[in-house]
Every structure is written in structure tokens, then in C-alpha cells.
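Q: Contents of final-v3.cif (mmCIF, C-alpha atoms):
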```cif
data_coords
#
loop_
_atom_site.label_atom_id
_atom_site.label_comp_id
_atom_site.auth_asym_id
_atom_site.auth_seq_id
_atom_site.Cartn_x
_atom_site.Cartn_y
_atom_site.Cartn_z
CA ASP H 1 0.08 -5.29 9.64
CA LEU H 2 1.67 -8.48 10.98
CA ALA H 3 5.13 -6.99 10.55
CA ALA H 4 4.00 -3.96 12.53
CA LYS H 5 2.61 -6.21 15.25
CA GLY H 6 5.90 -8.07 15.33
CA ARG H 7 7.78 -4.82 15.92
CA GLY H 8 5.36 -4.09 18.76
CA GLY H 9 6.54 -7.17 20.66
CA PRO H 10 4.71 -10.19 22.09
CA SER H 11 1.80 -8.20 23.53
CA ALA H 12 0.94 -6.84 20.07
CA LEU H 13 0.60 -10.40 18.77
CA ARG H 14 -1.91 -11.42 21.41
CA GLY H 15 -4.99 -13.06 19.90
CA VAL H 16 -3.59 -13.75 16.43
CA SER H 17 -2.39 -17.32 16.98
CA ARG H 18 -5.87 -18.50 15.94
CA LEU H 19 -6.65 -16.83 12.64
CA VAL H 20 -8.91 -17.12 9.60
CA ILE H 21 -7.30 -15.74 6.43
CA THR H 22 -9.52 -15.28 3.40
CA GLY H 23 -8.67 -14.22 -0.14
CA ASN H 24 -8.55 -15.43 -3.71
CA ALA H 25 -5.71 -17.55 -5.04
CA GLY H 26 -2.42 -15.68 -5.18
CA THR H 27 -3.28 -12.99 -2.64
CA GLY H 28 -0.66 -14.35 -0.23
CA GLY H 29 -2.66 -16.14 2.45
CA LEU H 30 -0.06 -18.84 2.97
CA SER H 31 2.74 -16.27 3.09
CA VAL H 32 0.88 -14.40 5.85
CA ALA H 33 0.34 -17.63 7.78
CA LEU H 34 4.04 -18.53 7.54
CA LEU H 35 5.04 -15.02 8.63
CA LEU H 36 2.68 -15.27 11.59
CA HIS H 37 4.26 -18.57 12.62
CA GLU H 38 7.75 -17.07 12.40
CA LEU H 39 6.75 -14.06 14.51
CA LEU H 40 5.05 -16.16 17.19
CA ARG H 41 7.98 -18.55 17.21
CA ALA H 42 10.48 -15.68 17.54
CA TYR H 43 8.68 -14.45 20.65
CA GLY H 44 8.44 -17.90 22.18
CA LYS H 45 4.66 -18.18 21.77
CA LEU H 46 4.83 -21.23 19.48
CA GLY H 47 7.32 -23.98 18.78
CA PRO H 48 8.96 -24.77 15.43
CA ILE H 49 6.44 -27.43 14.39
CA LEU H 50 4.49 -26.44 11.27
CA VAL H 51 1.81 -28.74 9.86
CA GLU H 52 -0.05 -28.01 6.60
CA ARG H 53 -3.10 -30.02 5.61
CA SER H 54 -6.03 -29.66 3.22
CA ALA H 55 -9.60 -29.61 4.52
CA LEU H 56 -10.63 -31.41 1.33
CA SER H 57 -9.32 -34.64 2.83
CA LEU H 58 -12.11 -34.47 5.43
CA LEU H 59 -15.02 -34.27 3.01
CA GLY H 60 -17.20 -37.31 2.48
CA ASP H 61 -15.90 -39.31 5.46
CA SER H 62 -17.99 -40.59 8.34
CA SER H 63 -17.90 -38.69 11.61
CA SER H 64 -15.69 -41.30 13.24
CA SER H 65 -13.24 -41.28 10.35
CA MET H 66 -13.08 -37.47 10.35
CA CYS H 67 -12.51 -37.43 14.10
CA ALA H 68 -9.64 -39.89 13.76
CA LYS H 69 -8.04 -37.91 10.92
CA LEU H 70 -8.35 -34.62 12.76
CA GLN H 71 -7.00 -36.10 15.95
CA ASP H 72 -3.89 -37.27 14.12
CA ILE H 73 -3.50 -33.87 12.42
CA CYS H 74 -3.94 -31.93 15.65
CA ASP H 75 -1.60 -34.22 17.58
CA SER H 76 1.11 -33.69 14.98
CA ALA H 77 0.78 -29.89 15.34
CA LEU H 78 0.84 -29.69 19.16
CA GLY H 79 3.02 -26.84 20.37
CA GLY H 80 3.41 -25.45 16.86
CA MET H 81 1.03 -24.28 14.16
CA LEU H 82 -1.59 -26.01 12.04
CA ILE H 83 -2.39 -24.43 8.66
CA LEU H 84 -5.55 -25.84 7.11
CA HIS H 85 -5.88 -25.07 3.39
CA GLU H 86 -9.23 -24.95 1.54
CA ALA H 87 -11.09 -24.61 4.84
CA SER H 88 -13.93 -22.85 3.02
CA ALA H 89 -14.77 -26.17 1.31
CA LEU H 90 -16.20 -27.37 4.64
CA ALA H 91 -19.16 -25.02 4.11
CA ALA H 92 -20.56 -27.84 1.97
CA ASP H 93 -20.37 -30.37 4.85
CA VAL H 94 -21.89 -29.31 8.16
CA THR H 95 -20.75 -32.49 9.88
CA ALA H 96 -17.12 -31.92 8.90
CA ALA H 97 -17.36 -28.28 10.04
CA ARG H 98 -18.67 -29.29 13.46
CA VAL H 99 -16.06 -32.02 13.89
CA LEU H 100 -13.35 -29.49 13.02
CA SER H 101 -14.75 -27.05 15.56
CA VAL H 102 -14.62 -29.62 18.35
CA ALA H 103 -11.08 -30.69 17.42
CA LEU H 104 -9.75 -27.11 17.35
CA LYS H 105 -11.43 -26.21 20.62
CA ALA H 106 -9.58 -29.08 22.31
CA LEU H 107 -6.16 -27.80 21.20
CA PRO H 108 -4.02 -26.22 23.95
CA SER H 109 -3.32 -22.49 23.84
CA ASN H 110 0.29 -23.05 22.80
CA THR H 111 -0.84 -24.41 19.44
CA GLY H 112 -1.65 -21.97 16.65
CA VAL H 113 -4.27 -22.49 13.95
CA VAL H 114 -4.73 -20.75 10.61
CA LEU H 115 -7.68 -21.52 8.35
CA LEU H 116 -7.21 -20.49 4.71
CA GLY H 117 -10.13 -20.13 2.31
CA GLN H 118 -12.17 -18.10 -0.14
CA HIS H 119 -13.90 -15.09 1.39
CA LEU H 120 -17.60 -15.74 0.71
CA GLU H 121 -17.39 -19.49 1.25
CA THR H 122 -15.55 -19.04 4.55
CA ALA H 123 -18.19 -16.57 5.72
CA SER H 124 -20.80 -19.23 4.92
CA LEU H 125 -18.78 -21.78 6.90
CA LEU H 126 -18.66 -19.56 9.99
CA ARG H 127 -22.41 -18.92 9.77
CA LEU H 128 -23.00 -22.64 9.36
CA CYS H 129 -20.86 -23.47 12.40
CA PRO H 130 -20.70 -20.50 14.81
CA ALA H 131 -18.66 -22.57 17.28
CA LEU H 132 -15.70 -22.22 14.91
CA VAL H 133 -15.60 -18.50 15.65
CA SER H 134 -14.78 -19.17 19.30
CA SER H 135 -12.04 -21.63 18.28
CA VAL H 136 -10.54 -19.30 15.64
CA PRO H 137 -11.70 -15.81 16.69
CA SER H 138 -9.50 -13.51 14.59
CA SER H 139 -9.79 -12.98 10.84
CA ILE H 140 -8.29 -10.95 8.03
CA HIS H 141 -9.24 -10.63 4.37
CA LEU H 142 -6.60 -10.18 1.68
CA PRO H 143 -8.00 -8.18 -1.27
CA ASN H 144 -7.10 -8.82 -4.89
CA LEU H 145 -4.05 -6.99 -6.18
CA THR H 146 -4.49 -3.99 -8.43
CA ALA H 147 -2.76 -3.77 -11.81
CA SER H 148 -0.37 -1.19 -10.39
CA GLN H 149 0.51 -3.37 -7.39
CA LEU H 150 1.21 -6.35 -9.62
CA ALA H 151 3.35 -4.26 -11.98
CA HIS H 152 5.39 -2.95 -9.03
CA HIS H 153 5.85 -6.52 -7.77
CA VAL H 154 7.08 -7.60 -11.20
CA ALA H 155 9.44 -4.62 -11.33
CA ALA H 156 10.88 -5.47 -7.91
CA THR H 157 11.30 -9.16 -8.73
CA ALA H 158 12.47 -8.94 -12.35
CA PRO H 159 16.18 -8.22 -11.65
CA GLN H 160 16.41 -11.38 -9.53
CA CYS H 161 14.64 -13.53 -12.11
CA THR H 162 16.07 -12.17 -15.33
CA GLY H 163 19.16 -10.21 -14.32
CA ALA H 164 17.70 -7.07 -15.88
CA PRO H 165 15.52 -4.22 -14.60
CA LEU H 166 12.52 -2.76 -16.38
CA GLY H 167 13.40 -0.13 -18.96
CA PRO H 168 12.41 3.53 -18.64
CA GLY H 169 8.63 3.94 -18.61
CA VAL H 170 7.98 0.19 -18.74
CA LEU H 171 6.51 0.06 -15.22
CA ASN H 172 3.62 2.35 -16.17
CA GLU H 173 3.22 0.62 -19.55
CA LEU H 174 3.03 -2.77 -17.83
CA ALA H 175 0.44 -1.58 -15.31
CA GLU H 176 -1.69 -0.21 -18.16
CA HIS H 177 -1.27 -3.44 -20.14
CA ILE H 178 -2.41 -5.52 -17.16
CA GLU H 179 -5.38 -3.23 -16.54
CA ARG H 180 -6.52 -3.28 -20.17
CA HIS H 181 -5.77 -6.81 -21.25
CA LEU H 182 -5.23 -9.04 -18.20
CA SER H 183 -7.90 -7.96 -15.69
CA PRO H 184 -9.73 -11.35 -15.70
CA GLN H 185 -6.45 -13.21 -15.16
CA LEU H 186 -5.47 -10.78 -12.41
CA ASP H 187 -8.74 -11.38 -10.53
CA GLU H 188 -8.26 -15.15 -10.75
CA GLN H 189 -4.51 -15.44 -10.22
CA ASN H 190 -3.19 -12.32 -8.45
CA LEU H 191 0.51 -12.93 -7.65
CA LEU H 192 0.44 -16.13 -9.70
CA LEU H 193 0.03 -13.91 -12.77
CA ALA H 194 3.31 -12.22 -11.87
CA GLU H 195 5.06 -15.59 -12.17
CA VAL H 196 3.58 -16.09 -15.63
CA LEU H 197 4.71 -12.64 -16.76
CA LEU H 198 8.20 -13.06 -15.32
CA GLN H 199 8.70 -16.47 -16.93
CA ARG H 200 7.62 -15.04 -20.28
CA ALA H 201 9.92 -12.04 -19.93
CA CYS H 202 12.81 -14.24 -18.86
CA GLY H 203 12.59 -16.31 -22.04
CA ARG H 204 12.17 -13.28 -24.29
CA TYR H 205 15.03 -11.41 -22.65
CA ALA H 206 17.34 -14.42 -22.95
CA MET H 207 16.63 -14.65 -26.67
CA ARG H 208 17.24 -10.92 -27.16
CA SER H 209 20.50 -11.11 -25.25
CA ILE H 210 22.05 -13.68 -27.59
CA PRO H 211 24.48 -11.92 -29.97
CA GLN H 212 23.30 -12.22 -33.57
CA ASP H 213 25.50 -12.24 -36.65
CA ASP H 214 24.67 -10.24 -39.73
CA ALA H 215 23.05 -13.22 -41.39
CA ALA H 216 20.51 -13.49 -38.61
CA GLY H 217 19.33 -9.89 -39.06
CA PRO H 218 20.19 -6.45 -37.78
CA PRO H 219 21.85 -6.29 -34.34
CA ALA H 220 19.65 -5.55 -31.36
CA ASP H 221 19.74 -2.08 -29.83
CA GLU H 222 22.49 -2.31 -27.20
CA ALA H 223 20.55 -0.09 -24.80
CA HIS H 224 17.57 -2.44 -25.01
CA ARG H 225 19.72 -5.50 -24.36
CA SER H 226 20.27 -4.47 -20.75
CA VAL H 227 16.62 -3.84 -19.76
CA LEU H 228 13.20 -5.46 -20.02
CA LEU H 229 10.70 -4.03 -22.48
CA LEU H 230 6.92 -4.15 -22.46
CA ALA H 231 7.07 -6.55 -25.41
CA ASP H 232 8.91 -9.05 -23.22
CA PHE H 233 5.79 -9.40 -21.06
CA GLN H 234 3.20 -9.50 -23.83
CA GLU H 235 1.86 -12.64 -25.47
#
```
Would you mind writing the file's structure down as C-alpha cells?

A:
Amino acid sequence: DLAAKGRGGPSALRGVSRLVITGNAGTGGLSVALLLHELLRAYGKLGPILVERSALSLLGDSSSSMCAKLQDICDSALGGMLILHEASALAADVTAARVLSVALKALPSNTGVVLLGQHLETASLLRLCPALVSSVPSSIHLPNLTASQLAHHVAATAPQCTGAPLGPGVLNELAEHIERHLSPQLDEQNLLLAEVLLQRACGRYAMRSIPQDDAAGPPADEAHRSVLLLADFQE
């Protein structure tokens, strides 16, 4: 959607410089925030400054200490974009949420803000501190990946990581394997699970690619040496 907005020009990007992005780990929230910054920068809406901070650093401090921290953070992001990770954690601290709201409201319009957090916790945060909605009015939710989506991502990335594509039929086999055996990990990790699978396949493929002499056993099928197999991704 952001790419489509970017193709639509500056007017299509109006209102997205202040954005709440929710989703579980690995759904790509940071990637979306970075893309948004690049698009807004390309159209001259924001400068090159990009500041990333964690909202966890605000928890447990006094109001004065939080105000000082946030002032420093906001000052460092002026004219660019501030990305605040783990913003949903502020749902546990109403004081921190209100201090954040005041700090963001004071930022000039040429400074972008993205709050990243878990979906339900972030919804609780916005109910707890409605003033945040006026400071960061737009929001998007990134759903968990499906087994098929993850398998397609692995298939697209595998040649770059391992130097080999998936073998015939392996894409569907991998999607079925993820659905049957890795659903809990997929819900928790999303794209991070793809990294685990690719690292495993890379090691297995490297071992299979090493020429073996007769003493080490029968030679590997030459056709299989040039592609990734389902077994390369399995534990």
C-alpha cells in the first residue's frame, strides 16, 4: 500500500507521516517504517534524519526524567523521522503515555513519527491515552504471515542465501511442512522463521555439495546437488 501511495506522488502520502504500526514480531513493521521514511524523504516531506529509540527506556522514570529524555529524543529527530519501538509497552504506564503524547504533539509538522507495537497492547495504549491519537492519527496493522507466504519468501530468498533454488515441488512441500509442523513458530516469529529455515538449508546444502569419495559413501544425486530439497529445511 505504501509503495502504491509513493507512485501516487506527494498528495497520496498526505497524513501518513504520523503512523502507528502494529503487528507481531517479524511481520515487517520496521521495514514499513523505513520505507515510509524513504518515500517521504524522496518527495521532500522529511529530511534524512532517522532516529530509532525504544519506549522501554521511558518506563519507571519520574515525569521530569521522562520529559527530559523525550525532549532529547525529539530534538534529535527534528526535520526527520522518529521511530519508537515497543510503544505498546507504555500501556502499562499511564504517566509515560501522557508524557509521550505531549512531546509528540509539540513536534513540528516536518517531523515524522512511527510508533511500533503489538496490536492488542497498542489498542489499550490508545484507549488509555486518547490524546495520542491526535498526535499519531494514522494506523495500520500487519497480519501474521501464512505458511504459503513464508514458503514463497523462502523460495525467493534462497538463491541469494544458498546459491541454489528450490527443487521441483519443494515450494508446496515446504508450505505444507510449515503448516503442519511449524505453525506455533510461525505465529511467534513470522519472517524471523524464514531466517532460521534458510540458515538450516544453507548448512545442509553446503554439506551435500561437497564431493565425496567412495570411502565416504555413495555419491550424491547430481540433479539434487544443484537445488534445495525439503530435507534441507527440516530439523

Q: Please list as a VMD selection string every residue within 8 Å of stretch 55-70 of chain H, counting all atoms listed in the file and excluding residues in the same chain fewer than 6 positions away.

A: chain H and resid 84 to 87 89 to 90 93 95 to 96 99 to 100 103

Q: Could I get the residues of stretch 78-179 of chain H with an atom no further than 12 Å from an atom of stretch 25-31 of chain H, each paired with its nearest atom pair and that distance in Å to one decimal, using all atoms listed in the file, sorted by chain and residue number, as a Markdown table?

A:
```
| residue | atom | partner | partner_atom | distance |
| --- | --- | --- | --- | --- |
| H:Leu82 | CA | H:Leu30 | CA | 11.7 |
| H:Ile83 | CA | H:Leu30 | CA | 8.3 |
| H:Leu84 | CA | H:Leu30 | CA | 9.8 |
| H:His85 | CA | H:Leu30 | CA | 8.5 |
| H:Glu86 | CA | H:Ala25 | CA | 10.5 |
| H:Val114 | CA | H:Leu30 | CA | 9.2 |
| H:Leu115 | CA | H:Gly29 | CA | 9.4 |
| H:Leu116 | CA | H:Gly29 | CA | 6.7 |
| H:Gly117 | CA | H:Gly29 | CA | 8.5 |
| H:Gln118 | CA | H:Ala25 | CA | 8.1 |
| H:His119 | CA | H:Ala25 | CA | 10.7 |
| H:Ser139 | CA | H:Gly29 | CA | 11.5 |
| H:Ile140 | CA | H:Gly29 | CA | 9.5 |
| H:His141 | CA | H:Gly29 | CA | 8.8 |
| H:Leu142 | CA | H:Thr27 | CA | 6.1 |
| H:Pro143 | CA | H:Thr27 | CA | 6.9 |
| H:Asn144 | CA | H:Thr27 | CA | 6.1 |
| H:Leu145 | CA | H:Thr27 | CA | 7.0 |
| H:Thr146 | CA | H:Thr27 | CA | 10.8 |
| H:Gln149 | CA | H:Thr27 | CA | 11.4 |
| H:Leu150 | CA | H:Thr27 | CA | 10.6 |
```

Q: Can you tell me which residues surround stretch 191-195 of chain H at a distance of at most 12 Å, considering only C-alpha atoms, apart from same-chain residues fewer than 3 positions away, and format the answer as a ChimeraX atom specification?

A: /H:23-29,31,143-158,161-162,174-175,178,182-188,198-202,233

Q: Which residue gives the smallest distance to H:Tyr205 among H:Val170, H:Val227, H:Leu35, H:Leu126, with only C-alpha atoms counted?

A: H:Val227

Q: Please indicate the distance in Å from atom CA of H:Lys45 to atom CA of H:Asn110, rounded to one decimal place.

A: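 Atom CA of H:Asn110 lies at a distance of 6.6 Å from atom CA of H:Lys45.
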
Q: Closest to H:Gly79 among H:Ala97, H:Val102, H:Leu19, H:Val113, using all atoms listed in the file?

A: H:Val113

Q: Taking (-13.2, -27.6, 19.3) in the file's coordinates, which residues come within 10 Å, counting only C-alpha atoms, written as a VMD selection string?

A: chain H and resid 98 to 107 131 to 132 134 to 136

Q: So which one's closest to H:Pro168, H:Leu228, H:Leu197, H:Ala42, H:Ala91? Using all atoms listed in the file, please.

A: H:Leu228
